[in-house]
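Following: one structure in structure tokens, then a few remarks.
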2 protein chains.
Amino acid sequence: MAKRPAPKNAFYAQSGGVTAVINASACGLIQTARKHKSRIGKVLAGRNGIIGALTEDLIDTSKESASAISALRHTPSGAFGSCRFKLKSLEQNRAEYERLIEVFEAHNIGYFFYNGGGDSADTCLKVSQLSEKMGYPIQAIHVPKTVDNDLPITDNCPGFGSVAKYIAVSTREASFDVASMAKTSTKVFIVEVMGRHAGWIAAAGGLAASEDTPIPIVILFPEVQFDERKFLAKVETMVKKHGYCSVVVSEGVHWPDGRFLAETGLTDAFGHAQLGGAASVIAGMVQRELGLKNHWAVADYLQRAARHIASKTDVNMAYAMGKAAVQFALQGHNSVMPTVDRISDAPFKWKVGMAPLSKVANVEKMMPKNFITKDGFGITQKCRNYMEPLIKGEDYPPYKNGLPRYVRLKNVAVAKKLAKFELK
Amino acid sequence: MAKRPAPKNAFYAQSGGVTAVINASACGLIQTARKHKSRIGKVLAGRNGIIGALTEDLIDTSKESASAISALRHTPSGAFGSCRFKLKSLEQNRAEYERLIEVFEAHNIGYFFYNGGGDSADTCLKVSQLSEKMGYPIQAIHVPKTVDNDLPITDNCPGFGSVAKYIAVSTREASFDVASMAKTSTKVFIVEVMGRHAGWIAAAGGLAASEDTPIPIVILFPEVQFDERKFLAKVETMVKKHGYCSVVVSEGVHWPDGRFLAETGLTDAFGHAQLGGAASVIAGMVQRELGLKNHWAVADYLQRAARHIASKTDVNMAYAMGKAAVQFALQGHNSVMPTVDRISDAPFKWKVGMAPLSKVANVEKMMPKNFITKDGFGITQKCRNYMEPLIKGEDYPPYKNGLPRYVRLKNVAVAKKLAKFELK
């Protein structure tokens, strides 16, 4: 029998804003690849995302121990570094795509796994198309990830469930706090959450209230034009009735003219633009117009990095997406993305599905209109039915001395074989 | 044998800003009192703190089931309501103290348990002194609580360990996040934490970095006058060396002239003062002067309400303080406070001690100077030795549908017996 050729290596990169569970996808992907060494050689990761491929800065994941790879499952952030770097269109910068293929060829890479959101799905599709044209065909599989939950076809995006859980838990806790203080002190608590275009994360704040734990919560969605008078009336009614209320405000909330609430338009004594935040604008309004003492928080990175309170469902899905990506590759698929296909809400059942990248790239999934209550300040039962399963279950990381033990990989570089490439 | 008189009831109230574990103290106190029904009748709680005593708005905790009281151990906030209401001095408003005694007498209350910080220790002492003078002696025991960690004699204040753990965990997580993004995007992450007068909580951010997980962290303490030039140089050095850094800024950080960083001095178009935040001021500075992209968070109530990531050590101490308060009362003590007495750092050992309220009231414990590094931006090994044991251990609450099951008590009112009293 003729000697079989060396199996192709795989390239894996993380793209865009990281999440609490993107490394769980990396874990699923690498562990599954390691089980098929006759078919997949090494998994080479891009240092700082796709930039690592362009600059031939590859990480040899085979140098990592099984326990280090296993620990990725409970480690937030992007273990190989991520990047905000969008490849230009083929017409604008064909050289970038050609460079990718050149690097892949030099390192015997036959599989391209790209873990990200909408932009990376588009890149993934283009890489697959161009590689074929250039006579070096690559199987390109996109692994879904984004806290924004805006990818189409898949039921949800791994990363979202854990942010949703963090926001729901934190809003419940802070609401208990303000309720205790309301008699003589703070009556309104405001928390600002991520979501510039869509209110998925803001909606999760509504989960803090449940049938057995009612909480007066006012949600400000980017989907709903901000109406100051109506908002203040709502808060006033809530505080009169319950003694307190909590406000969950999306960073994307804007005035009817499209300006974000966070744009204060102010400059300081030196003419420097003031960086506001939607929460502090709301806080000023509530204090000034209603005379209600309030406190405000901005969750920012804390929400998407909070692996300590990740959703078990989300972690499982993230892992499953990484695993499925390798399985799809082994089955010969190309230009596809594994998806979460929901079978039923209660009991919650789902399975891994597959979507062609042509239907994923450049399509943004918005929150359905019927997820927001008529008055524009709350979530409907339909929204709850969708979201509740996604925050279910806890998946605590191991601790040492009171702190989570998150892994840092060795990230050993692969020797370069090509000339330097200048990023534009 | 003569019939023994009905045992005296106990009064319990929660005071000031609530914490993730003040209810654990309530749990320890009520459970212990229930074991001594021949000596302590009912525990009557003040609705909304001491205001409940002044207005004769008492809660009959005997109406709560054993499981509800047990659930207080894992429920953040103040289950009976807290208040920010400082009793005036005896000279200024003797009527308030006399009213307290009147209410206590009407409800056969012989024990006064006050769960709070420095102000409530002072109130506790005065109640004890005046009650004796008025011929209705009461045993007054203070139960220590405050996230600010500023009570003297006790090794620490229950509530602090859990805030410290939250800040340490969150800073570690967000630092992993920014490290992943730093190549092409965010290079500095800033989080604002509580502590207007002392940097205990800010110092906890330093725990995020450890020997096996080094992280470049710059801490801004209220104890150190803010020096913009020096701060920016520090951040620049850190980012040059590590590619990123995290900044933990206390809300109490101030300029050499005493103004808080958060006071922007700005007004909007309507002349309304702008509510800033120290974090956004730092963010603007880092962007403007160093050109470094950054993200900022304000933890606010999230930090002190975060029961989901409470320190087990802290929960145990909070419970022990409540339990000890009742034991001290049964032993005949008066005008005292249970304390945490540290026996050794490693292994961490502590026992319950006792302090006279005369030595606690109106004494504020500041952070030792040798807890801050010479450059003013970090914590020393001494600080670590003190703080590390306080964040140790996890004590997860039970969950239902992805959310912590926090208890809400029935809080049944005791029938009033006296005329109305107007609060001044």
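We label chains A, B, ... in the order they appear in the structure tokens, count residues from 1 in each chain, and number ligands from 1 in the order shown.
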Here's a check: after a least-squares fit over all in-order C-alpha atoms, write chain B in the frame of chain A, as a short mmCIF file (atom, residue, chain, number, x, y, z; two decimals) with C-alpha atoms, in the first residue's frame.
```cif
data_model
loop_
_atom_site.label_atom_id
_atom_site.label_comp_id
_atom_site.auth_asym_id
_atom_site.auth_seq_id
_atom_site.Cartn_x
_atom_site.Cartn_y
_atom_site.Cartn_z
CA MET B 1 0.26 0.06 0.12
CA ALA B 2 1.32 3.57 -0.77
CA LYS B 3 2.15 5.82 2.11
CA ARG B 4 -0.72 8.16 2.90
CA PRO B 5 0.12 11.85 2.59
CA ALA B 6 0.51 13.79 5.84
CA PRO B 7 -2.88 14.98 6.99
CA LYS B 8 -3.67 18.64 6.46
CA ASN B 9 -3.34 20.98 9.42
CA ALA B 10 -6.19 23.16 10.62
CA PHE B 11 -6.17 26.89 11.22
CA TYR B 12 -8.30 28.34 14.03
CA ALA B 13 -8.77 32.00 14.92
CA GLN B 14 -10.89 34.06 17.27
CA SER B 15 -12.44 37.25 15.99
CA GLY B 16 -14.06 40.40 17.35
CA GLY B 17 -15.19 41.03 20.91
CA VAL B 18 -14.45 38.03 23.08
CA THR B 19 -16.94 36.29 25.35
CA ALA B 20 -17.06 34.17 28.49
CA VAL B 21 -17.33 31.01 26.38
CA ILE B 22 -15.46 31.48 23.09
CA ASN B 23 -12.62 29.43 24.56
CA ALA B 24 -15.13 26.65 25.21
CA SER B 25 -15.60 26.51 21.43
CA ALA B 26 -11.82 26.40 21.01
CA CYS B 27 -11.76 23.57 23.55
CA GLY B 28 -14.41 21.57 21.68
CA LEU B 29 -12.64 22.13 18.39
CA ILE B 30 -9.13 21.23 19.52
CA GLN B 31 -10.20 18.22 21.60
CA THR B 32 -12.19 16.85 18.68
CA ALA B 33 -9.37 17.47 16.21
CA ARG B 34 -6.96 15.64 18.51
CA LYS B 35 -9.19 12.58 18.32
CA HIS B 36 -8.73 12.48 14.54
CA LYS B 37 -5.01 12.79 14.08
CA SER B 38 -5.03 10.63 10.98
CA ARG B 39 -7.23 13.20 9.25
CA ILE B 40 -6.24 16.49 10.90
CA GLY B 41 -2.61 17.23 11.65
CA LYS B 42 -2.07 20.10 14.02
CA VAL B 43 -4.43 22.86 14.96
CA LEU B 44 -2.51 26.07 14.32
CA ALA B 45 -4.10 29.11 15.91
CA GLY B 46 -3.80 32.64 14.65
CA ARG B 47 -2.17 34.90 17.22
CA ASN B 48 -4.58 37.80 17.61
CA GLY B 49 -7.10 36.40 15.19
CA ILE B 50 -6.84 36.64 11.45
CA ILE B 51 -3.88 38.99 11.82
CA GLY B 52 -1.89 35.96 12.92
CA ALA B 53 -2.61 34.32 9.57
CA LEU B 54 -1.72 37.43 7.55
CA THR B 55 1.53 37.96 9.44
CA GLU B 56 2.29 34.22 9.59
CA ASP B 57 2.20 34.44 13.38
CA LEU B 58 0.84 30.99 14.09
CA ILE B 59 0.54 29.21 17.42
CA ASP B 60 1.20 25.48 17.63
CA THR B 61 -1.61 24.22 19.85
CA SER B 62 -0.10 20.72 19.85
CA LYS B 63 2.42 22.08 22.36
CA GLU B 64 -0.39 22.55 24.91
CA SER B 65 -1.12 19.78 27.40
CA ALA B 66 -4.46 18.02 27.41
CA SER B 67 -5.25 19.64 30.75
CA ALA B 68 -4.49 23.13 29.44
CA ILE B 69 -6.81 22.59 26.47
CA SER B 70 -9.42 21.16 28.80
CA ALA B 71 -9.16 24.30 31.01
CA LEU B 72 -10.12 26.45 28.01
CA ARG B 73 -13.65 25.28 28.64
CA HIS B 74 -13.84 27.34 31.82
CA THR B 75 -11.62 30.28 30.82
CA PRO B 76 -13.15 33.52 29.51
CA SER B 77 -11.59 35.80 26.87
CA GLY B 78 -9.74 34.73 23.74
CA ALA B 79 -6.85 32.44 24.66
CA PHE B 80 -4.99 33.08 21.39
CA GLY B 81 -5.84 36.76 21.19
CA SER B 82 -8.63 38.19 19.12
CA CYS B 83 -8.73 41.20 16.84
CA ARG B 84 -10.96 43.83 15.41
CA PHE B 85 -9.70 43.66 11.85
CA LYS B 86 -12.09 43.33 8.97
CA LEU B 87 -10.68 42.01 5.74
CA LYS B 88 -11.54 44.30 2.88
CA SER B 89 -13.58 43.06 -0.03
CA LEU B 90 -11.87 40.91 -2.63
CA GLU B 91 -11.93 43.83 -5.07
CA GLN B 92 -10.41 46.25 -2.58
CA ASN B 93 -7.60 44.12 -1.29
CA ARG B 94 -7.16 40.84 -3.10
CA ALA B 95 -3.60 40.74 -1.80
CA GLU B 96 -4.82 39.99 1.73
CA TYR B 97 -6.76 36.94 0.60
CA GLU B 98 -3.91 35.75 -1.55
CA ARG B 99 -1.59 36.12 1.43
CA LEU B 100 -3.91 33.98 3.54
CA ILE B 101 -3.81 31.24 0.93
CA GLU B 102 -0.05 31.57 0.69
CA VAL B 103 0.31 31.11 4.46
CA PHE B 104 -2.10 28.19 4.48
CA GLU B 105 -0.22 26.49 1.69
CA ALA B 106 3.15 27.06 3.40
CA HIS B 107 1.85 25.41 6.56
CA ASN B 108 -0.11 22.65 4.88
CA ILE B 109 -3.40 24.02 6.19
CA GLY B 110 -6.51 22.47 4.70
CA TYR B 111 -9.12 23.56 7.25
CA PHE B 112 -10.02 27.10 8.13
CA PHE B 113 -12.03 27.53 11.33
CA TYR B 114 -13.06 31.07 12.10
CA ASN B 115 -14.77 31.77 15.43
CA GLY B 116 -16.70 35.01 15.32
CA GLY B 117 -19.74 37.02 14.31
CA GLY B 118 -21.18 38.35 11.08
CA ASP B 119 -17.99 39.85 9.68
CA SER B 120 -16.00 36.70 10.17
CA ALA B 121 -18.73 34.61 8.55
CA ASP B 122 -18.27 36.82 5.50
CA THR B 123 -14.47 36.45 5.61
CA CYS B 124 -14.85 32.71 5.99
CA LEU B 125 -17.02 32.51 2.90
CA LYS B 126 -14.61 34.59 0.84
CA VAL B 127 -11.61 32.53 1.90
CA SER B 128 -13.36 29.40 0.78
CA GLN B 129 -14.38 30.90 -2.58
CA LEU B 130 -11.02 32.40 -3.39
CA SER B 131 -9.00 29.39 -2.31
CA GLU B 132 -10.89 27.26 -4.79
CA LYS B 133 -10.25 29.76 -7.58
CA MET B 134 -6.58 29.83 -6.70
CA GLY B 135 -6.32 26.08 -6.92
CA TYR B 136 -5.67 25.53 -3.21
CA PRO B 137 -9.06 24.48 -1.93
CA ILE B 138 -9.67 24.92 1.75
CA GLN B 139 -12.61 23.79 3.84
CA ALA B 140 -13.80 26.91 5.62
CA ILE B 141 -16.11 26.48 8.61
CA HIS B 142 -17.43 29.33 10.67
CA VAL B 143 -17.91 28.84 14.41
CA PRO B 144 -20.63 31.16 15.73
CA LYS B 145 -19.81 33.50 18.62
CA THR B 146 -21.17 36.85 19.70
CA VAL B 147 -22.71 38.34 22.80
CA ASP B 148 -24.87 40.43 20.47
CA ASN B 149 -26.88 37.36 19.45
CA ASP B 150 -27.25 38.76 15.94
CA LEU B 151 -26.35 35.82 13.69
CA PRO B 152 -29.20 34.44 11.58
CA ILE B 153 -30.47 30.84 11.33
CA THR B 154 -28.89 29.65 14.60
CA ASP B 155 -31.30 29.80 17.54
CA ASN B 156 -28.76 31.88 19.45
CA CYS B 157 -25.08 32.75 19.46
CA PRO B 158 -22.86 31.12 22.06
CA GLY B 159 -21.70 33.90 24.34
CA PHE B 160 -25.12 35.49 24.56
CA GLY B 161 -26.58 33.09 27.13
CA SER B 162 -23.81 33.86 29.61
CA VAL B 163 -24.07 37.63 29.23
CA ALA B 164 -27.81 37.28 29.62
CA LYS B 165 -27.37 35.26 32.80
CA TYR B 166 -24.93 37.80 34.23
CA ILE B 167 -27.28 40.69 33.53
CA ALA B 168 -30.32 38.84 34.87
CA VAL B 169 -28.53 37.78 38.07
CA SER B 170 -26.94 41.19 38.63
CA THR B 171 -30.20 43.04 38.03
CA ARG B 172 -31.98 40.77 40.50
CA GLU B 173 -29.28 41.30 43.11
CA ALA B 174 -29.06 45.08 42.72
CA SER B 175 -32.87 45.27 42.78
CA PHE B 176 -32.94 43.50 46.14
CA ASP B 177 -30.37 46.03 47.31
CA VAL B 178 -32.24 49.14 46.19
CA ALA B 179 -35.49 47.73 47.60
CA SER B 180 -33.82 47.61 51.04
CA MET B 181 -32.61 51.18 50.79
CA ALA B 182 -35.66 52.79 49.24
CA LYS B 183 -37.43 53.99 52.37
CA THR B 184 -34.88 56.68 53.18
CA SER B 185 -32.31 56.64 50.39
CA THR B 186 -31.85 55.26 46.87
CA LYS B 187 -35.10 54.61 45.04
CA VAL B 188 -33.93 53.92 41.51
CA PHE B 189 -31.08 51.69 40.35
CA ILE B 190 -29.84 52.01 36.78
CA VAL B 191 -27.56 49.59 34.96
CA GLU B 192 -26.16 50.13 31.49
CA VAL B 193 -25.66 47.06 29.33
CA MET B 194 -24.15 46.27 25.93
CA GLY B 195 -26.02 46.12 22.63
CA ARG B 196 -25.55 49.06 20.32
CA HIS B 197 -27.97 47.86 17.63
CA ALA B 198 -30.24 45.33 19.28
CA GLY B 199 -31.78 44.94 22.70
CA TRP B 200 -31.08 41.26 23.29
CA ILE B 201 -28.89 41.92 26.32
CA ALA B 202 -31.16 44.63 27.72
CA ALA B 203 -34.06 42.19 27.43
CA ALA B 204 -32.15 39.77 29.66
CA GLY B 205 -32.47 42.31 32.47
CA GLY B 206 -36.19 41.55 32.38
CA LEU B 207 -35.50 37.94 33.37
CA ALA B 208 -34.43 39.21 36.82
CA ALA B 209 -38.13 39.42 37.61
CA SER B 210 -40.06 36.17 37.69
CA GLU B 211 -43.40 34.95 38.92
CA ASP B 212 -42.07 34.09 42.37
CA THR B 213 -39.81 37.13 42.53
CA PRO B 214 -41.60 40.12 41.01
CA ILE B 215 -39.40 43.20 40.54
CA PRO B 216 -40.38 46.54 39.00
CA ILE B 217 -38.00 46.86 36.03
CA VAL B 218 -38.01 49.45 33.26
CA ILE B 219 -36.03 48.43 30.18
CA LEU B 220 -34.78 50.92 27.62
CA PHE B 221 -34.25 49.18 24.27
CA PRO B 222 -32.32 50.54 21.29
CA GLU B 223 -35.29 49.38 19.20
CA VAL B 224 -37.56 51.92 20.92
CA GLN B 225 -37.00 55.64 20.38
CA PHE B 226 -36.31 57.25 23.71
CA ASP B 227 -39.22 59.34 24.96
CA GLU B 228 -38.12 61.21 28.08
CA ARG B 229 -41.60 62.18 29.22
CA LYS B 230 -42.98 58.68 28.86
CA PHE B 231 -39.94 57.15 30.55
CA LEU B 232 -40.09 59.47 33.54
CA ALA B 233 -43.81 58.84 33.95
CA LYS B 234 -43.15 55.10 33.95
CA VAL B 235 -40.43 55.37 36.60
CA GLU B 236 -42.59 57.63 38.74
CA THR B 237 -45.50 55.19 38.59
CA MET B 238 -43.26 52.26 39.49
CA VAL B 239 -41.69 54.05 42.45
CA LYS B 240 -45.09 55.18 43.71
CA LYS B 241 -46.42 51.65 43.53
CA HIS B 242 -43.43 49.61 44.69
CA GLY B 243 -41.29 52.14 46.52
CA TYR B 244 -38.38 51.59 44.10
CA CYS B 245 -37.52 50.43 40.62
CA SER B 246 -34.62 49.25 38.48
CA VAL B 247 -33.80 50.55 35.03
CA VAL B 248 -31.84 48.50 32.48
CA VAL B 249 -30.59 50.77 29.73
CA SER B 250 -28.91 49.59 26.55
CA GLU B 251 -25.86 51.57 25.44
CA GLY B 252 -27.61 51.86 22.09
CA VAL B 253 -30.61 53.85 23.32
CA HIS B 254 -31.05 56.98 21.25
CA TRP B 255 -33.12 60.11 20.91
CA PRO B 256 -35.64 60.44 18.08
CA ASP B 257 -32.98 62.27 16.03
CA GLY B 258 -30.67 59.28 16.22
CA ARG B 259 -28.14 60.66 18.68
CA PHE B 260 -27.16 58.17 21.36
CA LEU B 261 -28.14 59.11 24.91
CA ALA B 262 -24.49 58.68 25.80
CA GLU B 263 -23.44 61.50 23.49
CA THR B 264 -23.64 64.39 25.88
CA GLY B 265 -22.25 66.88 23.39
CA LEU B 266 -20.31 68.38 26.27
CA THR B 267 -16.71 69.45 26.32
CA ASP B 268 -14.64 70.23 29.37
CA ALA B 269 -12.61 73.37 30.05
CA PHE B 270 -9.95 72.24 27.58
CA GLY B 271 -12.48 71.58 24.86
CA HIS B 272 -12.26 67.81 25.30
CA ALA B 273 -15.41 65.92 24.44
CA GLN B 274 -16.87 64.31 27.54
CA LEU B 275 -17.33 60.59 27.41
CA GLY B 276 -20.71 60.03 28.89
CA GLY B 277 -22.62 56.87 29.38
CA ALA B 278 -26.32 56.23 28.91
CA ALA B 279 -26.65 55.30 32.59
CA SER B 280 -25.34 58.61 33.90
CA VAL B 281 -27.62 60.52 31.54
CA ILE B 282 -30.62 58.57 32.81
CA ALA B 283 -29.44 59.06 36.40
CA GLY B 284 -29.22 62.83 35.94
CA MET B 285 -32.69 62.90 34.44
CA VAL B 286 -34.29 60.85 37.23
CA GLN B 287 -32.66 62.99 39.89
CA ARG B 288 -33.47 66.30 38.23
CA GLU B 289 -36.97 65.74 36.95
CA LEU B 290 -38.33 63.36 39.60
CA GLY B 291 -36.09 64.23 42.54
CA LEU B 292 -35.45 60.55 43.08
CA LYS B 293 -32.11 59.52 44.53
CA ASN B 294 -30.52 56.89 42.38
CA HIS B 295 -27.42 54.80 41.83
CA TRP B 296 -26.03 53.71 38.48
CA ALA B 297 -23.67 51.03 37.21
CA VAL B 298 -22.05 50.34 33.85
CA ALA B 299 -21.39 46.64 33.33
CA ASP B 300 -19.16 46.95 30.25
CA TYR B 301 -16.55 44.15 29.98
CA LEU B 302 -17.63 42.71 33.33
CA GLN B 303 -20.74 41.34 31.63
CA ARG B 304 -19.07 39.51 28.76
CA ALA B 305 -16.05 38.31 30.75
CA ALA B 306 -18.06 36.95 33.69
CA ARG B 307 -17.16 33.29 33.28
CA HIS B 308 -17.72 32.83 37.03
CA ILE B 309 -21.47 32.99 36.44
CA ALA B 310 -21.62 31.57 32.90
CA SER B 311 -24.71 29.72 31.77
CA LYS B 312 -24.18 25.98 31.61
CA THR B 313 -26.44 25.80 28.58
CA ASP B 314 -24.30 28.41 26.88
CA VAL B 315 -21.03 26.67 27.74
CA ASN B 316 -22.39 23.38 26.40
CA MET B 317 -23.51 25.04 23.18
CA ALA B 318 -20.19 26.83 22.69
CA TYR B 319 -18.35 23.54 23.14
CA ALA B 320 -20.74 21.76 20.80
CA MET B 321 -20.22 24.36 18.08
CA GLY B 322 -16.45 23.86 18.17
CA LYS B 323 -16.83 20.09 18.11
CA ALA B 324 -19.36 20.17 15.28
CA ALA B 325 -17.11 22.41 13.19
CA VAL B 326 -14.45 19.68 13.13
CA GLN B 327 -17.02 16.95 12.46
CA PHE B 328 -18.42 18.93 9.54
CA ALA B 329 -14.92 19.36 8.15
CA LEU B 330 -14.28 15.63 8.44
CA GLN B 331 -17.54 14.97 6.65
CA GLY B 332 -16.27 17.07 3.76
CA HIS B 333 -18.41 20.17 4.29
CA ASN B 334 -17.27 23.59 3.25
CA SER B 335 -18.59 27.14 3.64
CA VAL B 336 -20.90 26.19 6.47
CA MET B 337 -21.55 27.08 10.08
CA PRO B 338 -22.81 24.80 12.83
CA THR B 339 -26.01 26.14 14.38
CA VAL B 340 -28.11 25.62 17.47
CA ASP B 341 -31.47 24.29 16.31
CA ARG B 342 -34.18 24.55 18.95
CA ILE B 343 -36.56 21.62 19.06
CA SER B 344 -38.72 22.74 21.99
CA ASP B 345 -38.86 25.44 24.68
CA ALA B 346 -40.17 23.36 27.57
CA PRO B 347 -38.58 21.00 28.13
CA PHE B 348 -35.76 22.77 26.36
CA LYS B 349 -34.33 20.58 23.62
CA TRP B 350 -31.90 21.48 20.88
CA LYS B 351 -29.60 19.83 18.39
CA VAL B 352 -26.69 20.85 16.23
CA GLY B 353 -27.69 21.99 12.76
CA MET B 354 -25.84 23.35 9.77
CA ALA B 355 -26.23 26.56 7.78
CA PRO B 356 -24.56 27.55 4.51
CA LEU B 357 -22.36 30.61 4.99
CA SER B 358 -23.96 32.28 1.98
CA LYS B 359 -27.09 32.59 4.13
CA VAL B 360 -25.24 33.77 7.22
CA ALA B 361 -22.78 36.35 5.93
CA ASN B 362 -24.00 39.95 6.10
CA VAL B 363 -27.39 39.06 7.57
CA GLU B 364 -28.11 40.64 10.96
CA LYS B 365 -30.80 39.05 13.14
CA MET B 366 -32.79 41.66 15.03
CA MET B 367 -34.90 41.04 18.10
CA PRO B 368 -38.49 40.21 17.12
CA LYS B 369 -40.91 43.08 17.71
CA ASN B 370 -43.18 40.85 19.76
CA PHE B 371 -40.44 40.36 22.36
CA ILE B 372 -41.06 43.91 23.62
CA THR B 373 -44.22 44.84 25.53
CA LYS B 374 -46.61 47.36 24.02
CA ASP B 375 -45.48 50.18 26.28
CA GLY B 376 -41.92 49.62 25.10
CA PHE B 377 -40.45 49.10 28.58
CA GLY B 378 -40.64 45.37 29.19
CA ILE B 379 -40.34 41.87 27.76
CA THR B 380 -43.17 39.61 26.69
CA GLN B 381 -43.82 35.99 27.59
CA LYS B 382 -42.58 35.08 24.11
CA CYS B 383 -39.26 36.67 24.93
CA ARG B 384 -39.11 34.78 28.23
CA ASN B 385 -39.86 31.48 26.52
CA TYR B 386 -36.96 32.11 24.19
CA MET B 387 -34.43 33.40 26.73
CA GLU B 388 -35.06 31.45 29.92
CA PRO B 389 -33.55 28.18 28.66
CA LEU B 390 -30.41 30.02 27.52
CA ILE B 391 -29.44 31.13 31.04
CA LYS B 392 -30.17 27.81 32.67
CA GLY B 393 -27.61 25.95 34.70
CA GLU B 394 -24.39 27.01 36.38
CA ASP B 395 -20.97 25.90 35.28
CA TYR B 396 -18.53 27.13 37.90
CA PRO B 397 -14.82 27.30 37.13
CA PRO B 398 -12.38 25.77 39.63
CA TYR B 399 -11.03 28.18 42.27
CA LYS B 400 -7.69 28.63 43.99
CA ASN B 401 -7.27 31.01 46.91
CA GLY B 402 -10.65 32.55 46.29
CA LEU B 403 -10.09 33.28 42.61
CA PRO B 404 -11.06 31.35 39.47
CA ARG B 405 -8.20 29.39 37.94
CA TYR B 406 -8.21 30.53 34.37
CA VAL B 407 -5.63 29.04 32.06
CA ARG B 408 -2.99 30.91 30.13
CA LEU B 409 -1.60 28.88 27.26
CA LYS B 410 2.06 28.75 26.32
CA ASN B 411 1.16 29.91 22.81
CA VAL B 412 4.36 28.62 21.20
CA ALA B 413 5.00 30.18 17.78
CA VAL B 414 5.38 28.09 14.65
CA ALA B 415 8.61 28.86 12.74
CA LYS B 416 7.96 31.27 9.88
CA LYS B 417 8.57 30.19 6.32
CA LEU B 418 7.60 33.23 4.31
CA ALA B 419 8.66 36.82 3.77
CA LYS B 420 7.12 39.52 5.93
CA PHE B 421 3.73 40.89 4.95
CA GLU B 422 2.77 44.47 5.73
CA LEU B 423 -0.76 44.97 7.02
CA LYS B 424 -2.54 47.89 5.43
#
```
* To do: Would you list, as a PyMOL selection string, the residues of stretch 87-289 of chain A that end up in strand (DSSP E) under DSSP run on this structure's backbone?
  => chain A and resi 109-116+139-144+188-193+217-220+245-250+263-267+273-275
* Asked: Would you give me, as a ChimeraX atom specification, the residues in stretch 223-417 of chain B that DSSP reads as alpha helix (DSSP H)?
  -> /B:228-242,278-290,300-305,312-330,381-387
